[in-house]
Amino acid sequence: MLPMEEQLKVITSGTMQIVPLDELKKKLARDTPLNIKLGVDPTSPDLHLGHAVPLRKMRQFQDLGHKVTLIIGNGTALIGDPSGRDSTRPPLTEEAVEANARTYVSQAMKILDPEKTTIVHNGDWIKPMDLGQMLGLLSKFNVARILEREDFHNRYTNGQSIALHEFIYPVLQAYDSVVVKADLEMGGNDQIFNLLAGRDLMRDEGMEPQVALTMPLLVGLDGTKKMSKSYGNYVGLTDPADQMYGKLMSITDELVPMYFRLCSTLSVDEVDAIDAAYADGSADPYELKRALARNICDLYHGEGAGDEAQATFDARFKENKVVDAPEYEADLDSRLNDEGLIYLPALLKDAGLAASAGEGRKAIDGGGVRIAGEKVEPKTYNVSPDALRGATLQVGKRKVVQLV
């Protein structure tokens with residue numbers, strides 16, 4: 001294995017917190033593979049680049065020679081992670097969780113090395129627990145301390161509901177670490193309480209406690225909010241390559257270094273060079289953005305996909321052509337209002353061209369919306385379905401769909 005300092009250079013790249021760093025150094029100094037844990041609850045069938053950030057770090061650990069344990073939370077997902085939430089998550093059925101888990105694993109394996117990944121399901125040890133085992137586990141945790149969590153504290157002080165079962169979530173996630181004997185657990189920065197709970201429980205069980213490593217939340221395409229499907233500012237791992245490329249070309253120049261560090265396959269030294277170019281003013285953000293989009297398309301669609309997507313992008317936007325626009329099934333007849341017209345801002349939102357109907361109205365008023373290449377006049381919110389059937393619908397230079 002590489003010397004500890006060389007490993008740390010890779011491991012610390014892009015991370016938010018490593019708690020405690022000294023313990024990680026001691027573990028690495030033993031020169032034996034560590035067991036790196038990541039638990040994921042399959043609450044959605046589709047992943048985006050934000051979900052992939054910790055998976056990319058896991059792949060770096062694999063490339064350094066460490067072992068990776070991916071825990072599919074088919075037990076914890078039935079509760080729902082309260083981290084960062086201001087309300088109780090709606091419950092999922094076991095059938096939905098299992099279906100989501102299958103698609104999650106197939107997408108995660110686009111990043112992780114399947115031959116070096118151990119996949120387990122925490123339902124295998126959570127669901128068989130009897131009352132005595134559950135009470136024994138719960139007795140090791142203090143409600144007062146759990147209420148110190150920022151999300152629980154805010155909900156409690158604001159008089160917002162906290163369901164009792166939500167307190168159990170960090171307990172079960174901590175127990176996962178005991179079961180798999182984790183040396184290090186990864187998660188988003190909003191997961192730090194759960195990760196530290198794992199340290200406490202392992203110590204209480206007489207085990208060497210895990211190190212907690214958190215990654216930042218990836219900023220979405222809008223440049224402000226975290227990447228999320230609900231915000232419409234995401235790049236899906238299953239998006240077609242040309243759509244993926246086009247979305248990435250829409251990020252702000254300032255986000256390019258972050259996306260290279262958290263989402264690409266470039267080495268730490270290569271990303272450091274990009275940071276340095278930004279710092280001294282020698283960077284060409286447009287060309288770097290094109291390189292970033294090619295790299296990510298190749299990662300998720302195979303080598304050469306980036307070049308093909310770039311050629312399609314250039315034909316579509318540099319030469320003012322619409323080529324192979326992704327299709328969107330609009331079902332226009334179901335959208336007719338009392339006047340027999342289509343409310344265009346809602347269609348823009350549903351087609352993924354605007355984050356909300358309000359954003360759709362702003363795009364129309366700004367002159368940035370085109371139907372079949374023709375600009376939609378400001379304040380034109382209701383349009384004839386005949387104008388939309390089989391037409392291209394475009395917002396700005398880079399967002400376009402073919403209505404079918």
# chains A, B, ... in the order shown; residues from 1 in each chain; ligands from 1
$ residues_around --residues "Arg145 (chain A)" --least-positions-apart "3" --cutoff "12 Å" --atoms "only C-alpha atoms" --output "mmCIF file with N, CA, C and O atoms, in the first residue's frame"
data_model
loop_
_atom_site.group_PDB
_atom_site.id
_atom_site.type_symbol
_atom_site.label_atom_id
_atom_site.label_comp_id
_atom_site.auth_asym_id
_atom_site.auth_seq_id
_atom_site.Cartn_x
_atom_site.Cartn_y
_atom_site.Cartn_z
ATOM 1 N N LYS A 140 -28.607 2.135 25.433
ATOM 2 C CA LYS A 140 -27.252 2.680 25.350
ATOM 3 C C LYS A 140 -27.231 4.120 24.851
ATOM 4 O O LYS A 140 -26.161 4.721 24.723
ATOM 5 N N PHE A 141 -28.413 4.680 24.545
ATOM 6 C CA PHE A 141 -28.487 6.038 23.995
ATOM 7 C C PHE A 141 -29.335 6.924 24.889
ATOM 8 O O PHE A 141 -30.264 6.460 25.549
ATOM 9 N N ASN A 142 -29.009 8.218 24.881
ATOM 10 C CA ASN A 142 -29.642 9.206 25.744
ATOM 11 C C ASN A 142 -30.514 10.142 24.904
ATOM 12 O O ASN A 142 -30.025 10.762 23.962
ATOM 13 N N GLU A 148 -30.048 17.108 21.073
ATOM 14 C CA GLU A 148 -29.059 18.147 20.790
ATOM 15 C C GLU A 148 -28.777 18.265 19.295
ATOM 16 O O GLU A 148 -28.224 19.278 18.851
ATOM 17 N N ARG A 149 -29.133 17.223 18.527
ATOM 18 C CA ARG A 149 -28.962 17.301 17.072
ATOM 19 C C ARG A 149 -29.642 18.553 16.545
ATOM 20 O O ARG A 149 -30.748 18.906 16.970
ATOM 21 N N GLU A 150 -29.020 19.207 15.593
ATOM 22 C CA GLU A 150 -29.567 20.470 15.096
ATOM 23 C C GLU A 150 -30.982 20.302 14.537
ATOM 24 O O GLU A 150 -31.864 21.115 14.811
ATOM 25 N N PHE A 152 -33.303 17.854 15.100
ATOM 26 C CA PHE A 152 -34.267 17.570 16.160
ATOM 27 C C PHE A 152 -34.465 18.782 17.072
ATOM 28 O O PHE A 152 -35.582 19.095 17.488
ATOM 29 N N HIS A 153 -33.358 19.453 17.411
ATOM 30 C CA HIS A 153 -33.437 20.622 18.292
ATOM 31 C C HIS A 153 -34.331 21.697 17.675
ATOM 32 O O HIS A 153 -35.184 22.278 18.364
ATOM 33 N N PHE A 167 -36.237 8.708 16.521
ATOM 34 C CA PHE A 167 -35.108 8.609 17.446
ATOM 35 C C PHE A 167 -34.338 7.307 17.256
ATOM 36 O O PHE A 167 -33.166 7.204 17.619
ATOM 37 N N PRO A 170 -30.728 6.888 14.271
ATOM 38 C CA PRO A 170 -29.277 6.918 14.525
ATOM 39 C C PRO A 170 -28.796 5.721 15.322
ATOM 40 O O PRO A 170 -27.635 5.308 15.193
ATOM 41 N N PHE A 193 -23.817 13.483 13.114
ATOM 42 C CA PHE A 193 -24.316 12.955 14.391
ATOM 43 C C PHE A 193 -24.432 11.439 14.322
ATOM 44 O O PHE A 193 -24.013 10.730 15.246
ATOM 45 N N ASN A 194 -25.016 10.927 13.231
ATOM 46 C CA ASN A 194 -25.190 9.479 13.100
ATOM 47 C C ASN A 194 -23.847 8.760 13.083
ATOM 48 O O ASN A 194 -23.698 7.679 13.671
ATOM 49 N N LEU A 196 -21.005 9.772 14.435
ATOM 50 C CA LEU A 196 -20.395 9.811 15.764
ATOM 51 C C LEU A 196 -21.123 8.882 16.725
ATOM 52 O O LEU A 196 -20.507 8.328 17.655
ATOM 53 N N ALA A 197 -22.431 8.672 16.520
ATOM 54 C CA ALA A 197 -23.165 7.707 17.336
ATOM 55 C C ALA A 197 -22.589 6.304 17.142
ATOM 56 O O ALA A 197 -22.517 5.507 18.087
#
$ select_by_dssp --residues "region 109-209 of chain A" --states "helix (DSSP H, G or I)" --output "PyMOL selection string"
chain A and resi 114-116+123-126+131-138+143-146+150-157+164-180+189-204
$ closest_residue --among "A:Val10, A:Ala372, A:Ala330, A:Met207" --to "Leu347 (chain A)" --atoms "only C-alpha atoms"
A:Ala330
$ select_by_dssp --residues "region 282-343 of chain A" --states "strand (DSSP E)" --output "PyMOL selection string"
chain A and resi 327-328+342-343
$ residues_around --residues "Gly198 (chain A)" --least-positions-apart "3" --cutoff "10 Å" --atoms "only C-alpha atoms" --output "PyMOL selection string"
chain A and resi 170-178+182+184-185+192-195+201-204+209-212
$ residues_around --residues "region 49-63 of chain A" --least-positions-apart "2" --cutoff "10 Å" --atoms "only C-alpha atoms" --output "ChimeraX atom specification"
/A:1,7,10-15,33-38,40,46-47,65-70,107-113,116-117,186-188,213-220,226-228,234-237,259,261-265,267,296
$ residues_around --residues "region 240-253 of chain A" --least-positions-apart "5" --cutoff "9 Å" --atoms "only C-alpha atoms" --output "ChimeraX atom specification"
/A:220-223,233-235,285-286,289-290,292-294,296-298,300-301,305-306,308-310,312-313,324-326,398-400
$ residues_around --residues "region 93-105 of chain A" --least-positions-apart "3" --cutoff "6 Å" --atoms "only C-alpha atoms" --output "PyMOL selection string"
chain A and resi 42+44-45+108
$ write_last_selection --atoms "C-alpha atoms" --output "short mmCIF file (atom, residue, chain, number, x, y, z; two decimals), in the first residue's frame"
data_model
loop_
_atom_site.label_atom_id
_atom_site.label_comp_id
_atom_site.auth_asym_id
_atom_site.auth_seq_id
_atom_site.Cartn_x
_atom_site.Cartn_y
_atom_site.Cartn_z
CA PRO A 42 -32.88 3.22 -1.14
CA SER A 44 -35.56 6.65 -4.59
CA PRO A 45 -34.91 4.53 -7.68
CA ALA A 108 -23.57 2.50 -7.73
#
$ residues_around --residues "Leu344 (chain A)" --least-positions-apart "3" --cutoff "12 Å" --atoms "only C-alpha atoms" --output "number ranges by chain"
A: 330, 332, 335-337, 341, 347-351, 353-354, 356-365, 369-371, 376-385, 387-388, 393-395
$ atom_distance --atom1 "CA of Glu327 (chain A)" --atom2 "CA of Arg389 (chain A)"
12.1 Å
$ atom_distance --atom1 "CA of Leu255 (chain A)" --atom2 "CA of Ala311 (chain A)"
23.0 Å
$ decode --residues "region 143-154 of chain A" --atoms "N, CA and C atoms" --output "tab-separated table (two decimals), in the first residue's frame"
chain	number	residue	atom	x	y	z
A	143	VAL	N	-31.80	10.25	25.27
A	143	VAL	CA	-32.71	11.10	24.51
A	143	VAL	C	-32.27	12.56	24.53
A	144	ALA	N	-31.77	13.01	25.70
A	144	ALA	CA	-31.33	14.41	25.79
A	144	ALA	C	-30.24	14.71	24.79
A	145	ARG	N	-29.32	13.75	24.60
A	145	ARG	CA	-28.25	13.98	23.64
A	145	ARG	C	-28.77	13.96	22.21
A	146	ILE	N	-29.70	13.04	21.93
A	146	ILE	CA	-30.26	13.00	20.58
A	146	ILE	C	-30.97	14.31	20.25
A	147	LEU	N	-31.61	14.91	21.27
A	147	LEU	CA	-32.31	16.18	21.04
A	147	LEU	C	-31.34	17.34	20.82
A	148	GLU	N	-30.05	17.11	21.07
A	148	GLU	CA	-29.06	18.15	20.79
A	148	GLU	C	-28.78	18.26	19.30
A	149	ARG	N	-29.13	17.22	18.53
A	149	ARG	CA	-28.96	17.30	17.07
A	149	ARG	C	-29.64	18.55	16.55
A	150	GLU	N	-29.02	19.21	15.59
A	150	GLU	CA	-29.57	20.47	15.10
A	150	GLU	C	-30.98	20.30	14.54
A	151	ASP	N	-31.20	19.22	13.73
A	151	ASP	CA	-32.51	19.07	13.11
A	151	ASP	C	-33.58	18.78	14.16
A	152	PHE	N	-33.30	17.85	15.10
A	152	PHE	CA	-34.27	17.57	16.16
A	152	PHE	C	-34.46	18.78	17.07
A	153	HIS	N	-33.36	19.45	17.41
A	153	HIS	CA	-33.44	20.62	18.29
A	153	HIS	C	-34.33	21.70	17.68
A	154	ASN	N	-34.13	21.96	16.40
A	154	ASN	CA	-34.94	22.99	15.73
A	154	ASN	C	-36.41	22.62	15.70
